[in-house]
file run_21.tsv (TSV, C-alpha atoms and all ligand atoms)
chain	number	residue	atom	x	y	z
J	1	MET	CA	165.54	44.44	3.40
J	2	LEU	CA	166.43	42.06	6.14
J	3	PHE	CA	169.66	43.94	6.73
J	4	ASN	CA	168.26	47.42	6.51
J	5	ASP	CA	169.38	48.33	10.01
J	6	LYS	CA	167.20	51.43	10.10
J	7	ASN	CA	164.00	49.52	10.22
J	8	LEU	CA	164.81	46.39	12.15
J	9	SER	CA	161.87	45.24	14.18
J	10	THR	CA	162.53	43.33	17.38
J	11	GLY	CA	161.43	40.13	15.60
J	12	LYS	CA	164.08	40.48	12.93
J	13	LEU	CA	166.64	41.68	15.42
J	14	SER	CA	166.09	38.61	17.62
J	15	PHE	CA	166.14	36.38	14.56
J	16	LEU	CA	169.49	37.73	13.39
J	17	SER	CA	171.09	37.71	16.85
J	18	ALA	CA	169.90	34.13	17.33
J	19	ILE	CA	171.52	33.13	14.03
J	20	ILE	CA	174.83	34.56	15.20
J	21	ILE	CA	174.57	32.64	18.46
J	22	GLY	CA	173.61	29.52	16.49
J	23	ILE	CA	176.71	29.90	14.31
J	24	VAL	CA	178.91	30.40	17.37
J	25	ALA	CA	177.40	27.24	18.88
J	26	MET	CA	178.11	25.41	15.63
J	27	LEU	CA	181.74	26.57	15.68
J	28	VAL	CA	182.16	25.48	19.28
J	29	GLY	CA	180.60	22.13	18.33
J	30	ALA	CA	183.01	21.82	15.39
J	31	LEU	CA	185.96	22.47	17.71
J	32	MET	CA	184.65	19.63	19.89
J	33	HIS	CA	184.65	17.38	16.78
J	34	LEU	CA	180.94	16.67	16.89
J	35	HIS	CA	179.24	14.72	14.16
J	36	ILE	CA	177.71	16.81	11.36
J	37	LEU	CA	174.16	15.84	12.30
J	38	GLN	CA	174.86	16.63	15.94
J	39	LEU	CA	176.30	19.95	14.81
J	40	LEU	CA	173.16	20.79	12.88
J	41	TRP	CA	170.95	19.84	15.79
J	42	LEU	CA	173.07	21.82	18.22
J	43	SER	CA	172.98	24.98	16.13
J	44	LEU	CA	169.25	24.62	15.45
J	45	VAL	CA	168.38	24.16	19.12
J	46	THR	CA	170.70	26.97	20.19
J	47	TRP	CA	169.25	29.23	17.55
J	48	ALA	CA	165.67	28.44	18.58
J	49	ALA	CA	166.40	28.91	22.27
J	50	ALA	CA	168.34	32.12	21.70
J	51	PHE	CA	165.60	33.46	19.46
J	52	ALA	CA	162.91	32.74	22.04
J	53	ILE	CA	164.88	34.20	24.92
J	54	ILE	CA	166.04	37.36	23.13
J	55	ARG	CA	162.64	38.01	21.73
J	56	TYR	CA	160.94	37.50	25.08
J	57	VAL	CA	163.37	39.80	26.85
J	58	MET	CA	162.96	42.48	24.21
J	59	GLU	CA	159.19	42.31	24.32
J	60	LYS	CA	159.15	42.29	28.03
J	61	PHE	CA	161.51	45.15	28.67
J	62	LEU	CA	161.61	47.19	25.50
J	63	TYR	CA	157.99	47.11	24.49
J	64	ARG	CA	156.72	47.63	27.96
J	65	LYS	CA	158.73	50.83	28.10
J	66	ILE	CA	157.63	51.82	24.60
J	67	LYS	CA	154.01	51.13	25.41
J	68	LEU	CA	154.40	53.33	28.44
J	69	ILE	CA	155.76	56.12	26.25
J	70	TYR	CA	152.83	55.83	23.87
J	71	LYS	CA	150.41	55.81	26.75
J	72	LEU	CA	152.00	58.98	28.06
J	73	ILE	CA	152.09	60.85	24.79
J	74	TYR	CA	148.66	59.94	23.53
J	75	GLN	CA	146.93	60.07	26.90
J	76	THR	CA	144.13	57.92	25.58
J	77	LYS	CA	142.80	54.77	27.02
J	78	ALA	CA	142.45	51.83	24.72
J	79	THR	CA	139.47	49.51	24.99
J	80	PRO	CA	140.34	45.82	25.59
J	81	GLN	CA	139.59	45.11	21.90
J	82	GLU	CA	141.87	47.90	20.77
J	83	GLU	CA	144.50	46.74	23.20
J	84	PHE	CA	144.34	43.24	21.70
J	85	PHE	CA	144.45	44.63	18.20
J	86	GLN	CA	147.45	46.80	19.03
J	87	SER	CA	149.46	44.11	20.71
J	88	HIS	CA	148.63	41.12	18.51
J	89	VAL	CA	147.51	42.25	15.08
J	90	LEU	CA	149.24	45.53	14.34
J	91	PRO	CA	152.89	45.29	13.34
J	92	LYS	CA	155.12	46.40	16.19
J	93	PRO	CA	156.65	49.80	15.59
J	94	THR	CA	160.36	49.82	14.91
J	95	LEU	CA	162.51	51.95	17.18
J	96	GLU	CA	162.84	54.41	14.30
J	97	GLU	CA	159.09	54.71	14.12
J	98	VAL	CA	158.89	55.20	17.86
J	99	GLN	CA	161.47	57.95	17.65
J	100	HIS	CA	159.53	59.58	14.82
J	101	ASP	CA	156.26	59.42	16.77
J	102	VAL	CA	157.89	60.90	19.85
J	103	GLU	CA	159.45	63.72	17.85
J	104	LEU	CA	156.10	64.43	16.23
J	105	TRP	CA	154.46	64.54	19.61
J	106	ALA	CA	157.16	66.86	20.94
J	107	SER	CA	156.72	69.28	18.08
J	108	GLN	CA	152.95	69.26	18.57
J	109	GLN	CA	153.48	70.08	22.21
J	110	ARG	CA	155.84	72.90	21.27
J	111	ASN	CA	153.28	74.36	18.85
J	112	GLU	CA	150.56	74.12	21.45
J	113	LEU	CA	152.75	75.94	23.94
J	114	GLU	CA	153.52	78.59	21.35
J	115	VAL	CA	149.80	79.21	20.77
J	116	LEU	CA	149.16	79.39	24.51
J	117	ARG	CA	152.02	81.80	24.97
J	118	LYS	CA	150.75	83.98	22.14
J	119	ASN	CA	147.24	84.03	23.56
J	120	GLU	CA	148.63	84.95	26.94
J	121	LYS	CA	150.57	87.84	25.39
J	122	PHE	CA	147.44	88.89	23.51
J	123	ARG	CA	145.39	88.87	26.69
J	124	LYS	CA	147.97	90.88	28.59
J	125	GLU	CA	148.23	93.45	25.83
J	126	PHE	CA	144.47	93.71	25.64
J	127	LEU	CA	144.18	94.35	29.37
J	128	MET	CA	146.97	96.92	29.26
J	129	ASN	CA	145.38	98.73	26.33
J	130	LEU	CA	141.97	98.55	27.92
J	131	SER	CA	143.05	100.06	31.22
J	132	HIS	CA	144.88	102.76	29.32
J	133	GLU	CA	141.77	103.53	27.26
J	134	LEU	CA	139.62	103.60	30.40
J	135	LYS	CA	141.96	105.93	32.23
J	136	THR	CA	141.67	108.86	29.86
J	137	PRO	CA	137.91	109.46	30.08
J	138	ILE	CA	137.73	108.53	33.76
J	139	PHE	CA	140.45	110.99	34.74
J	140	ALA	CA	138.79	113.67	32.64
J	141	ILE	CA	135.42	113.09	34.33
J	142	GLN	CA	137.10	113.10	37.74
J	143	GLY	CA	138.79	116.41	36.94
J	144	TYR	CA	135.61	118.15	35.79
J	145	ILE	CA	133.47	116.91	38.68
J	146	HIS	CA	136.02	117.88	41.34
J	147	THR	CA	136.57	121.29	39.79
J	148	LEU	CA	132.82	121.85	39.78
J	149	LEU	CA	132.51	120.75	43.41
J	150	ASP	CA	135.42	122.96	44.39
J	151	GLY	CA	133.44	126.01	43.36
J	152	ALA	CA	133.28	126.11	39.60
J	153	ILE	CA	129.63	125.12	39.84
J	154	GLU	CA	128.81	128.70	40.91
J	155	ASP	CA	130.73	130.11	37.94
J	156	ALA	CA	128.14	130.61	35.23
J	157	GLU	CA	130.91	131.00	32.64
J	158	VAL	CA	132.25	127.49	32.93
J	159	ASN	CA	129.83	125.28	34.82
J	160	ARG	CA	127.83	124.17	31.77
J	161	THR	CA	130.93	123.58	29.68
J	162	PHE	CA	132.51	121.45	32.39
J	163	LEU	CA	129.36	119.40	32.79
J	164	LYS	CA	129.09	118.96	29.03
J	165	ASN	CA	132.70	117.83	28.83
J	166	ALA	CA	132.13	115.35	31.64
J	167	ALA	CA	129.06	114.03	29.83
J	168	LYS	CA	131.04	113.67	26.60
J	169	ASN	CA	133.62	111.57	28.37
J	170	ILE	CA	130.93	109.43	29.94
J	171	ASP	CA	129.51	108.81	26.46
J	172	ARG	CA	132.93	107.76	25.30
J	173	LEU	CA	133.24	105.41	28.23
J	174	CYS	CA	129.92	103.82	27.32
J	175	ARG	CA	130.94	103.37	23.67
J	176	LEU	CA	134.14	101.77	24.80
J	177	ILE	CA	132.38	99.35	27.14
J	178	ASP	CA	129.86	98.48	24.42
J	179	ASP	CA	132.64	97.71	21.97
J	180	VAL	CA	134.65	95.70	24.48
J	181	ASP	CA	131.55	93.73	25.38
J	182	GLU	CA	130.86	93.07	21.70
J	183	ILE	CA	134.39	92.02	20.89
J	184	SER	CA	134.72	89.68	23.85
J	185	ARG	CA	131.43	88.03	22.94
J	186	LEU	CA	132.58	87.66	19.34
J	187	GLU	CA	135.87	86.19	20.48
J	188	SER	CA	134.36	83.72	22.87
J	189	GLY	CA	132.29	82.45	19.95
J	190	GLU	CA	129.12	83.10	21.93
J	191	ILE	CA	127.40	84.91	19.11
J	192	GLN	CA	125.27	82.92	16.70
J	193	LEU	CA	124.71	84.19	13.19
J	194	ASN	CA	121.13	84.59	12.04
J	195	LYS	CA	121.55	84.29	8.32
J	196	GLU	CA	118.86	85.46	5.96
J	197	ALA	CA	118.56	86.55	2.34
J	198	PHE	CA	118.50	90.31	1.71
J	199	VAL	CA	119.43	92.84	-0.95
J	200	ILE	CA	122.77	94.33	-0.02
J	201	GLN	CA	122.17	97.62	-1.84
J	202	ASP	CA	119.07	98.26	0.31
J	203	LEU	CA	121.11	97.79	3.47
J	204	ILE	CA	123.83	100.13	2.17
J	205	LYS	CA	121.17	102.78	1.48
J	206	ASP	CA	119.75	102.32	5.01
J	207	VAL	CA	123.18	102.95	6.49
J	208	PHE	CA	123.75	105.95	4.19
J	209	ASP	CA	120.49	107.40	5.55
J	210	LEU	CA	121.46	106.66	9.11
J	211	LEU	CA	124.78	108.49	8.75
J	212	SER	CA	123.63	111.28	6.43
J	213	LEU	CA	123.52	113.91	9.21
J	214	LYS	CA	127.04	113.11	10.27
J	215	ALA	CA	128.25	113.23	6.66
J	216	ALA	CA	126.51	116.54	6.09
J	217	GLN	CA	128.58	118.09	8.88
J	218	LYS	CA	131.66	117.57	6.69
J	219	ASN	CA	129.75	117.99	3.44
J	220	ILE	CA	130.59	114.44	2.41
J	221	GLN	CA	128.45	112.90	-0.36
J	222	PHE	CA	127.43	109.24	-0.47
J	223	TYR	CA	127.22	107.34	-3.75
J	224	LEU	CA	126.47	103.87	-4.94
J	225	LYS	CA	128.97	103.35	-7.77
J	226	LYS	CA	127.63	103.38	-11.32
J	227	GLY	CA	126.96	99.92	-12.65
J	228	CYS	CA	126.37	98.48	-9.17
J	229	GLU	CA	122.64	99.20	-9.02
J	230	THR	CA	121.30	95.77	-10.04
J	231	PRO	CA	119.99	94.31	-6.78
J	232	VAL	CA	122.23	91.57	-5.41
J	233	THR	CA	120.80	89.23	-2.79
J	234	VAL	CA	123.27	87.97	-0.22
J	235	TYR	CA	122.88	85.34	2.49
J	236	ALA	CA	124.24	86.68	5.78
J	237	ASP	CA	123.36	88.00	9.24
J	238	LYS	CA	121.74	91.28	8.25
J	239	GLU	CA	122.10	93.05	11.59
J	240	ARG	CA	125.78	92.13	11.87
J	241	ILE	CA	126.44	93.26	8.30
J	242	ARG	CA	124.63	96.49	9.10
J	243	GLU	CA	127.11	96.91	11.95
J	244	VAL	CA	129.99	96.28	9.52
J	245	LEU	CA	128.70	98.88	7.08
J	246	ILE	CA	128.09	101.43	9.84
J	247	ASN	CA	131.66	101.00	11.03
J	248	LEU	CA	133.21	101.28	7.57
J	249	ILE	CA	131.06	104.18	6.39
J	250	ASP	CA	131.48	105.95	9.72
J	251	ASN	CA	135.27	105.62	9.30
J	252	SER	CA	135.02	107.01	5.77
J	253	ILE	CA	133.42	110.13	7.27
J	254	LYS	CA	135.73	110.39	10.26
J	255	TYR	CA	138.87	109.96	8.21
J	256	GLY	CA	137.44	111.64	5.13
J	257	LYS	CA	138.14	115.19	4.00
J	258	ARG	CA	135.64	118.04	4.09
J	259	ASP	CA	133.64	118.11	0.82
J	260	GLY	CA	134.75	114.53	0.14
J	261	HIS	CA	132.97	111.46	-1.23
J	262	THR	CA	132.17	107.95	-0.03
J	263	PHE	CA	131.47	105.29	-2.64
J	264	ALA	CA	129.91	101.90	-2.13
J	265	SER	CA	130.25	99.23	-4.77
J	266	VAL	CA	128.89	95.72	-5.15
J	267	TYR	CA	130.43	93.14	-7.50
J	268	ASN	CA	129.55	89.55	-8.27
J	269	THR	CA	132.98	87.94	-8.17
J	270	ASP	CA	131.86	84.38	-8.96
J	271	GLU	CA	128.81	82.13	-8.56
J	272	GLN	CA	129.23	82.07	-4.80
J	273	HIS	CA	130.63	85.39	-3.69
J	274	VAL	CA	129.83	89.06	-3.68
J	275	LEU	CA	132.46	91.72	-3.06
J	276	ILE	CA	131.34	94.88	-1.29
J	277	GLU	CA	133.67	97.86	-1.19
J	278	ILE	CA	133.49	101.12	0.72
J	279	SER	CA	135.87	103.71	-0.69
J	280	ASP	CA	136.67	107.26	0.32
J	281	ASP	CA	138.90	110.08	-0.86
J	282	GLY	CA	140.04	110.89	2.66
J	283	ILE	CA	143.33	111.10	4.51
J	284	GLY	CA	144.29	107.50	3.67
J	285	ILE	CA	146.54	105.14	5.62
J	286	ALA	CA	150.31	104.90	5.32
J	287	GLU	CA	151.69	101.56	4.24
J	288	GLU	CA	153.29	100.73	7.58
J	289	HIS	CA	149.88	100.87	9.29
J	290	LEU	CA	147.92	98.99	6.66
J	291	THR	CA	148.40	95.50	8.03
J	292	ARG	CA	147.66	96.62	11.57
J	293	VAL	CA	144.45	98.66	11.37
J	294	PHE	CA	142.35	95.55	12.09
J	295	GLU	CA	144.12	95.01	15.42
J	296	ARG	CA	142.28	95.91	18.58
J	297	PHE	CA	142.89	99.52	19.69
J	298	TYR	CA	145.22	100.18	16.78
J	299	ARG	CA	144.89	103.70	15.35
J	300	THR	CA	147.22	105.57	13.07
J	301	ASP	CA	146.48	108.79	14.93
J	302	LYS	CA	145.22	108.31	18.48
J	303	ALA	CA	144.26	111.93	19.11
J	304	ARG	CA	142.33	112.22	15.85
J	305	SER	CA	140.45	108.97	16.44
J	306	ARG	CA	139.57	109.99	19.98
J	307	ASP	CA	138.34	113.42	18.93
J	308	ALA	CA	136.14	111.73	16.38
J	309	GLY	CA	134.70	109.50	19.13
J	310	GLY	CA	136.52	106.33	18.07
J	311	THR	CA	137.39	103.45	20.35
J	312	GLY	CA	139.90	101.80	18.02
J	313	LEU	CA	137.84	98.61	18.16
J	314	GLY	CA	135.61	99.20	15.14
J	315	LEU	CA	137.71	97.43	12.52
J	316	ALA	CA	138.57	94.58	14.89
J	317	ILE	CA	134.83	93.98	15.38
J	318	VAL	CA	134.22	94.25	11.64
J	319	LYS	CA	136.92	91.67	10.92
J	320	HIS	CA	135.47	89.28	13.51
J	321	ILE	CA	132.00	89.51	12.00
J	322	ILE	CA	133.24	88.92	8.45
J	323	GLU	CA	135.40	86.00	9.54
J	324	ALA	CA	132.52	84.50	11.49
J	325	HIS	CA	130.73	84.40	8.12
J	326	GLY	CA	133.69	82.48	6.70
J	327	GLN	CA	134.51	85.47	4.48
J	328	THR	CA	137.46	87.84	4.14
J	329	ILE	CA	138.13	91.55	4.48
J	330	HIS	CA	140.99	93.62	3.11
J	331	VAL	CA	142.09	97.20	2.73
J	332	ARG	CA	143.87	99.24	0.05
J	333	SER	CA	144.94	102.76	0.79
J	334	LYS	CA	147.29	105.60	-0.03
J	335	PRO	CA	147.90	108.67	2.12
J	336	ASP	CA	146.02	111.73	0.82
J	337	ILE	CA	144.38	109.70	-1.95
J	338	GLY	CA	141.93	107.62	0.07
J	339	SER	CA	141.08	104.16	1.32
J	340	THR	CA	139.04	101.20	0.15
J	341	PHE	CA	137.79	98.53	2.51
J	342	GLY	CA	136.42	95.47	0.76
J	343	PHE	CA	134.75	92.34	2.12
J	344	THR	CA	133.11	89.33	0.59
J	345	LEU	CA	129.70	87.79	1.34
J	346	GLU	CA	127.91	84.67	0.28
J	347	LEU	CA	125.64	85.10	-2.72
J	348	PHE	CA	122.08	83.89	-2.09
J	349	ARG	CA	120.96	81.12	-4.44
J	350	GLU	CA	117.40	79.84	-4.51
J	401	LIG	N1	138.58	105.10	5.91
J	401	LIG	C1	139.72	105.28	6.60
J	401	LIG	N2	140.64	106.20	6.20
J	401	LIG	C2	141.77	106.37	6.91
J	401	LIG	N3	142.10	105.72	8.03
J	401	LIG	C3	141.23	104.80	8.48
J	401	LIG	C4	140.00	104.53	7.80
J	401	LIG	N4	139.35	103.57	8.48
J	401	LIG	C5	140.14	103.26	9.53
J	401	LIG	N5	141.27	104.00	9.55
J	401	LIG	C6	142.38	103.90	10.52
J	401	LIG	O1	142.25	102.69	11.21
J	401	LIG	C7	142.14	102.91	12.61
J	401	LIG	C8	141.25	101.86	13.24
J	401	LIG	O2	139.90	102.03	12.83
J	401	LIG	P1	138.75	101.60	13.83
J	401	LIG	O3	139.08	100.24	14.35
J	401	LIG	O4	137.43	101.78	13.14
J	401	LIG	O5	138.91	102.58	15.05
J	401	LIG	P2	138.33	104.06	15.28
J	401	LIG	O6	137.40	104.37	14.15
J	401	LIG	O7	137.65	103.95	16.58
J	401	LIG	O8	139.52	104.95	15.33
J	401	LIG	C9	141.62	104.34	12.72
J	401	LIG	O9	141.98	104.90	13.94
J	401	LIG	C10	142.30	105.01	11.55
J	401	LIG	O10	143.62	105.37	11.93
J	402	MG	MG	135.79	103.11	13.46
call {"tool": "encode", "arguments": {"input": "run_21.tsv", "output": "structure tokens", "more": "lines below"}}
Ligand SMILES: Nc1ncnc2c1ncn2[C@@H]1O[C@H](COP(=O)(O)OP(=O)(O)O)[C@@H](O)[C@H]1O
Ligand SMILES: [Mg+2]
result
Amino acid sequence: MLFNDKNLSTGKLSFLSAIIIGIVAMLVGALMHLHILQLLWLSLVTWAAAFAIIRYVMEKFLYRKIKLIYKLIYQTKATPQEEFFQSHVLPKPTLEEVQHDVELWASQQRNELEVLRKNEKFRKEFLMNLSHELKTPIFAIQGYIHTLLDGAIEDAEVNRTFLKNAAKNIDRLCRLIDDVDEISRLESGEIQLNKEAFVIQDLIKDVFDLLSLKAAQKNIQFYLKKGCETPVTVYADKERIREVLINLIDNSIKYGKRDGHTFASVYNTDEQHVLIEISDDGIGIAEEHLTRVFERFYRTDKARSRDAGGTGLGLAIVKHIIEAHGQTIHVRSKPDIGSTFGFTLELFRE
């Protein structure tokens, strides 16, 4: 233990060095034919002096520097009590330990930088995507308005159509801004959840009613899966979960086939969780897109999503809401067979 050179503290190091010097002194004394008692005294005094000096020098120079390093890397200020505790009670770190601490600190710094860099990339991409998304409707509106002003307004054949198209693009712009506003508020953590107990099947039926007109346009039927009728009470932010269901069921219509079906199912997975699934028999999602559909602005088919009035932010918002509840969301899908989006919620217990 004493000679384990990896973990020598300055105390031990000074002790050992002093012994060597003591022995040297003894040898010199022996060469000078000193008496044995004198020899012992000489080596003892030399050892003690050497020990004191070496130790003092080490403390003074080495530990001052080390303390400085710790001060730099931890950036905290110790109270006088802590300072006393650190310098008098705690065992002094060995140089190995210092090296380990510094390496740990360096890797923490690297990770922090990595996260910052990633966020920065995220932000840049978001801005780029956003300006791209804004451009399309704005340029369209600009085109229609200028064409109208340049004379088309007198042309009874086109004037209404152009105005309608401009209005459609303005609506799209508004949806986009609403979604961007929502997602940035979700991301800044500004939104507080108002959790309450409610029956999830009732909320699903509400959303089915809300979207029934839209579904009828494609002759899509809504169902609550057989065996899922027993009312299940969940504890969650009802309005946010309504938003989630609207997004998922709306997608099942938009990316569903004419004469298709949308199923909702509710399962008790364990004493604490409920799994809610929205399934369709629509166009499905190819495997290479599956992991990315929850990303902001990600769509498998931009033109199709746009024609259907999508902003590409729906699933990103949905994921944020579910994660804010401390729950998870996932997707299973196969092209031409259909998709299933499932998320968990907390079961309400009296
Ligand atoms: N039920 C579904 N069936 C097939 N594809 C889907 C479904 N839901 C989502 N997607 C794909 O995921 C993309 C992202 O969905 P979302 O974020 O809701 O954006 P949006 O609906 O505005 O296009 C969609 O553009 C679509 O490509
Ligand atoms: Mg959507």
call {"tool": "residues_around", "arguments": {"input": "run_21.tsv", "residues": "stretch 182-197 of chain J", "least_positions_apart": "2", "cutoff": "6 Å", "atoms": "all atoms listed in the file", "output": "VMD selection string"}}
result
chain J and resid 179 to 180 234 to 237 317
call {"tool": "closest_atom_pairs", "arguments": {"input": "run_21.tsv", "of": "chain J", "to": "ligand MG 402 (chain J)", "cutoff": "6 Å", "atoms": "only C-alpha atoms and all ligand atoms", "output": "CSV"}}
result
residue,atom,partner,partner_atom,distance
J:Asn247,CA,J:MG402,MG,5.2
J:Asn251,CA,J:MG402,MG,4.9
J:Gly310,CA,J:MG402,MG,5.7
J:Gly314,CA,J:MG402,MG,4.3
call {"tool": "closest_residue", "arguments": {"input": "run_21.tsv", "among": "J:Leu347, J:Leu248, J:Leu104, J:Val274", "to": "ligand LIG 401 (chain J)", "atoms": "only C-alpha atoms and all ligand atoms"}}
result
J:Leu248
call {"tool": "residues_near_ligand", "arguments": {"input": "run_21.tsv", "ligand": "ligand LIG 401 (chain J)", "cutoff": "7 Å", "atoms": "only C-alpha atoms and all ligand atoms", "output": "MDAnalysis selection string"}}
result
chainID J and resid 247:248 251:252 255:256 280 282:285 293:294 296:302 305:306 309:316 338:340
call {"tool": "atom_distance", "arguments": {"input": "run_21.tsv", "atom1": "atom CA of J:Phe162", "atom2": "atom CA of J:Leu148"}}
result
7.4 Å
call {"tool": "residues_around", "arguments": {"input": "run_21.tsv", "residues": "J:Thr262", "least_positions_apart": "3", "cutoff": "8 Å", "atoms": "only C-alpha atoms", "output": "PDB file with C-alpha atoms, in the coordinates of the input"}}
result
ATOM      1  CA  ILE J 220     130.590 114.440   2.410  1.00  0.00           C
ATOM      2  CA  GLN J 221     128.450 112.900  -0.360  1.00  0.00           C
ATOM      3  CA  PHE J 222     127.430 109.240  -0.470  1.00  0.00           C
ATOM      4  CA  TYR J 223     127.220 107.340  -3.750  1.00  0.00           C
ATOM      5  CA  ILE J 249     131.060 104.180   6.390  1.00  0.00           C
ATOM      6  CA  SER J 252     135.020 107.010   5.770  1.00  0.00           C
ATOM      7  CA  ILE J 253     133.420 110.130   7.270  1.00  0.00           C
ATOM      8  CA  ILE J 278     133.490 101.120   0.720  1.00  0.00           C
ATOM      9  CA  SER J 279     135.870 103.710  -0.690  1.00  0.00           C
ATOM     10  CA  ASP J 280     136.670 107.260   0.320  1.00  0.00           C
ATOM     11  CA  ASP J 281     138.900 110.080  -0.860  1.00  0.00           C
TER      12      ASP J 281
END
call {"tool": "atom_distance", "arguments": {"input": "run_21.tsv", "atom1": "atom CA of J:Gln272", "atom2": "atom CA of J:Val244"}}
result
20.2 Å
